[in-house]
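Working notes for the structure below.
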Amino acid sequence: MRIVGLTGGIASGKSTVSNLFKSQDIPVVDADVVARNALKKGSGGWKKVVAAFGEEILLDNGEVNRPRLGQIVFSDPDKRQFLNRLLAPYISSGIFWEVLKLWLKGYKVIVLDVPLLFEAKIDRFTKPIIVVWVDPETQIQRLLSRDKSSEEDGRNRINAQMPLDVKRSKADIVIDNNGSLDDLNQQFQKVLVDVTRPLTWREFLLSRNGALTILASLTSGLMSPKKMKIREEWMKMSSNDMESLCE
């Protein structure tokens with residue numbers, strides 16, 4: 001099984017690339033969706049976050065007011081790291097179960113869409129790693145245009161993440177998204193060819209079909225006539241040894 005890591009920064013276009021993978025019937029595990037589920041009313045993550053930040057972060061229906069929580073943590077690095085620590089176990093387990101479900105369905109290639117791929121050290125489980133990159137000025141302009149937020153708030157959110165230049169240096173594949181959507185699509189087509197190439201032997205053995213192949217090989221080996229005869233002779237010898245000990 002090939003687990004592709006996909007990351008980027010806020011307003012870099014990562015979600016657009018994620019949707020392009022989905023359009024090619026390649027399943028995507030979205031860490032943001034997992035995180036939202038971890039914060040659903042009444043969940044373990046919800047209880048810990050409310051206990052830590054107070055009921056003022058809740059909407060009238062009891063769900064977490066995500067924009068309000070974001071304003072609190074993006075302006076305070078200590079609170080942001082504290083929130084990440086609170087939710088990390090729930091997000092990690094959520095991602096694991098999503099990957100397991102796709103493994104059981106027999107998918108050969110899946111994409112992990114994780115904004116904090118490097119920060120959470122999930123990159124060690126993925127290969128190749130794709131980083132969607134834009135220059136800082138393009139990033140802030142796209143963010144302000146998209147969210148209609150203040151420049152201060154926008155820069156706080158960008159600065160709260162690992163710089164895109166650092167992420168780019170850690171990538172196996174870089175998608176430069178400074179251009180148009182057509183430019184992005186052209187780059188994606190090249191990436192798609194690389195991502196969907198035949199699995200390596202290691203990747204195949206980690207897939208469901210690989211595991212079934214190993215199991216079938218072991219079973220046929222244990223049940224072969226030669227192996228059965230050796231096993232019977234060994235059992236007979238063991239039985240004779242036991243009898244001699246009892247004499």
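Just so we're on the same page: first chain in the structure tokens is A, next is B, and so on; residues restart at 1 for each chain, and ligands are numbered from 1 in the order they show up.
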
Can you pull out every residue within 9 Å of Val109 in chain A, counting only C-alpha atoms, but drop anything in the same chain fewer than 5 positions away, and send it as a short mmCIF file (atom, residue, chain, number, x, y, z; two decimals) with all heavy atoms, in the first residue's frame?
data_model
loop_
_atom_site.label_atom_id
_atom_site.label_comp_id
_atom_site.auth_asym_id
_atom_site.auth_seq_id
_atom_site.Cartn_x
_atom_site.Cartn_y
_atom_site.Cartn_z
N MET A 1 0.85 -1.19 0.00
CA MET A 1 0.00 0.00 0.00
C MET A 1 0.88 1.24 0.00
O MET A 1 1.83 1.33 0.78
CB MET A 1 -0.90 0.00 1.23
CG MET A 1 -1.91 1.11 1.28
SD MET A 1 -2.89 1.03 2.80
CE MET A 1 -4.34 1.91 2.29
N ARG A 2 0.57 2.17 -0.88
CA ARG A 2 1.33 3.42 -0.94
C ARG A 2 0.53 4.50 -0.23
O ARG A 2 -0.60 4.81 -0.61
CB ARG A 2 1.59 3.81 -2.40
CG ARG A 2 2.34 5.14 -2.55
CD ARG A 2 2.70 5.38 -4.01
NE ARG A 2 3.60 4.32 -4.47
CZ ARG A 2 3.55 3.78 -5.68
NH1 ARG A 2 2.65 4.18 -6.55
NH2 ARG A 2 4.41 2.84 -6.02
N ILE A 3 1.13 5.08 0.81
CA ILE A 3 0.49 6.15 1.56
C ILE A 3 1.20 7.45 1.19
O ILE A 3 2.35 7.67 1.57
CB ILE A 3 0.54 5.91 3.07
CG1 ILE A 3 -0.12 4.58 3.42
CG2 ILE A 3 -0.16 7.05 3.81
CD1 ILE A 3 -0.08 4.24 4.90
N VAL A 4 0.52 8.29 0.44
CA VAL A 4 1.08 9.54 -0.06
C VAL A 4 0.79 10.66 0.95
O VAL A 4 -0.35 10.84 1.37
CB VAL A 4 0.48 9.91 -1.43
CG1 VAL A 4 1.06 11.23 -1.94
CG2 VAL A 4 0.71 8.78 -2.44
N ILE A 26 -8.91 8.42 -6.22
CA ILE A 26 -7.88 8.07 -5.23
C ILE A 26 -8.39 8.56 -3.87
O ILE A 26 -8.64 9.75 -3.69
CB ILE A 26 -6.54 8.72 -5.56
CG1 ILE A 26 -6.01 8.17 -6.89
CG2 ILE A 26 -5.52 8.49 -4.45
CD1 ILE A 26 -4.71 8.80 -7.35
N PRO A 27 -8.59 7.64 -2.92
CA PRO A 27 -9.16 8.06 -1.63
C PRO A 27 -8.23 8.97 -0.85
O PRO A 27 -7.00 8.81 -0.87
CB PRO A 27 -9.36 6.73 -0.90
CG PRO A 27 -8.41 5.78 -1.54
CD PRO A 27 -8.30 6.20 -2.97
N VAL A 195 2.53 9.07 -8.71
CA VAL A 195 1.86 8.49 -7.55
C VAL A 195 1.20 7.14 -7.88
O VAL A 195 1.12 6.25 -7.02
CB VAL A 195 0.81 9.49 -7.00
CG1 VAL A 195 -0.16 8.81 -6.04
CG2 VAL A 195 1.51 10.66 -6.31
N THR A 196 0.74 6.98 -9.10
CA THR A 196 0.01 5.77 -9.48
C THR A 196 0.89 4.75 -10.20
O THR A 196 0.38 3.78 -10.77
CB THR A 196 -1.19 6.11 -10.37
OG1 THR A 196 -0.73 6.84 -11.53
CG2 THR A 196 -2.20 6.95 -9.61
N LEU A 199 3.27 -0.51 -7.63
CA LEU A 199 3.79 -0.57 -6.27
C LEU A 199 5.14 -1.26 -6.23
O LEU A 199 5.41 -2.17 -7.02
CB LEU A 199 2.82 -1.34 -5.36
CG LEU A 199 1.40 -0.79 -5.18
CD1 LEU A 199 0.63 -1.65 -4.18
CD2 LEU A 199 1.40 0.66 -4.72
#

Exercise for the section: Extract, using only C-alpha atoms, all DNA, RNA and protein residues at most 8 Å from Ser207 in chain A, discarding same-chain residues fewer than 2 positions from it, and format them as a VMD selection string. Expected result: chain A and resid 1 to 2 103 106 to 108 203 to 205 209 to 211

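In this structure, CA of Trp97 in chain A sits 24.2 Å away from CA of Thr16 in chain A.
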
Practice task
List every residue of range 47-211 of chain A that DSSP, applied to the backbone of this structure, assigns to alpha helix (DSSP H), and report them as a ChimeraX atom specification.
Solution key: /A:47-53,66-74,77-104,136-147,151-159,164-170,181-195,201-206,208-211

Handout entry: Polymer residues at most 12 Å from range 180-186 of chain A, only C-alpha atoms, same-chain spacing of 3 or more positions, as a list in words
Key = Ser12, Gly13, Lys14, Thr16, Val17, Ser18, Asn19, Leu20, Phe21, Ser23, Val132, Trp133, Val134, Thr138, Val174, Ile175, Asp176, Asn177, Gln189, Lys190, Val191, Leu192 and Val193 of chain A

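Near Leu59 in chain A, within 12 Å and counting only C-alpha atoms, sit A:Lys40, A:Lys41, A:Val50, A:Gly54, A:Val64, A:Asn65, A:Arg66, A:Pro67, A:Arg68, A:Leu69, not including residues fewer than 5 positions from it in the same chain.
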
Output C-alpha atoms of each residue in that selection to a file, as a PDB file, in the first residue's frame.
ATOM      1  CA  LYS A  40     -17.955  17.130  17.910  1.00  0.00           C
ATOM      2  CA  LYS A  41     -20.196  17.858  20.860  1.00  0.00           C
ATOM      3  CA  VAL A  50     -14.096  22.855  26.699  1.00  0.00           C
ATOM      4  CA  GLY A  54     -14.086  27.367  28.811  1.00  0.00           C
ATOM      5  CA  VAL A  64     -17.277  24.397  19.304  1.00  0.00           C
ATOM      6  CA  ASN A  65     -17.109  27.820  17.682  1.00  0.00           C
ATOM      7  CA  ARG A  66     -14.097  27.012  15.520  1.00  0.00           C
ATOM      8  CA  PRO A  67     -13.416  30.601  14.315  1.00  0.00           C
ATOM      9  CA  ARG A  68     -13.482  31.802  17.924  1.00  0.00           C
ATOM     10  CA  LEU A  69     -11.151  29.009  19.060  1.00  0.00           C
TER      11      LEU A  69
END

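Distances here use only C-alpha atoms; by that measure, the residue among A:Thr213, A:Leu112, A:Leu206, A:Ile130 closest to Asp32 in chain A is A:Leu112.
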
Exercise for the section: Identify all residues of range 16-232 of chain A in strand (DSSP E or B) (DSSP on the backbone) and supply them as a list of chain:residue names. Expected result: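 DSSP-assigned strand (DSSP E or B) residues in range 16-232 of chain A: A:Val28, A:Val29, A:Asp30, A:Leu58, A:Val64, A:Val109, A:Ile110, A:Val111, A:Leu112, A:Asp113, A:Ile129, A:Ile130, A:Val131, A:Val132, A:Trp133, A:Ile173, A:Val174, A:Ile175, A:Asp176.
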
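The smallest atom-to-atom distance between Leu117 in chain A and any of A:Asp25, A:Asp30, A:Glu63, A:Asp147, using only C-alpha atoms, is found for A:Asp30.
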
Problem - Pick from A:Ile110, A:Gly62, A:Gln24, A:Ala31 nearest to Trp46 in chain A, counting only C-alpha atoms - result: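 Among the listed residues, the smallest separation from Trp46 in chain A belongs to A:Gly62.
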
Exercise for the section: Pick out the residues sitting within 12 Å of Arg85 in chain A, and hand them over as a ChimeraX atom specification; count only C-alpha atoms, and ignore anything fewer than 5 positions along from it in its own chain. Expected result: /A:45,48-49,52,78-80,90-92,119-120

Practice task
Can you pull out every residue within 12 Å of Ile140 in chain A, counting only C-alpha atoms, but drop anything in the same chain fewer than 4 positions away, and send it as a list in words?
Solution key: Gly9, Ile10, Ala11, Ser12, Val134, Asp135, Pro136, Leu144, Ser145, Arg146, Asp147, Lys148, Ser149, Ser150, Glu151, Glu152, Asp153, Gly154, Arg155, Asn156, Arg157, Ile158 and Asn159 of chain A

Problem - Selection near Leu6 in chain A, 7 Å with only C-alpha atoms, sequence-local residues under 6 positions removed, as number ranges by chain - result: A: 111-114, 129-131

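Restricting the calculation to only C-alpha atoms, the smallest distance between Lys121 in chain A and any of A:Glu137, A:Gly5, A:Gln71, A:Val28 is found for A:Gly5.
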
Completion exercise
Between A:Ala216, A:Ile57, A:Ile173, A:Ala160, smallest distance to Pro77 in chain A by only C-alpha atoms belongs to A:Ala160
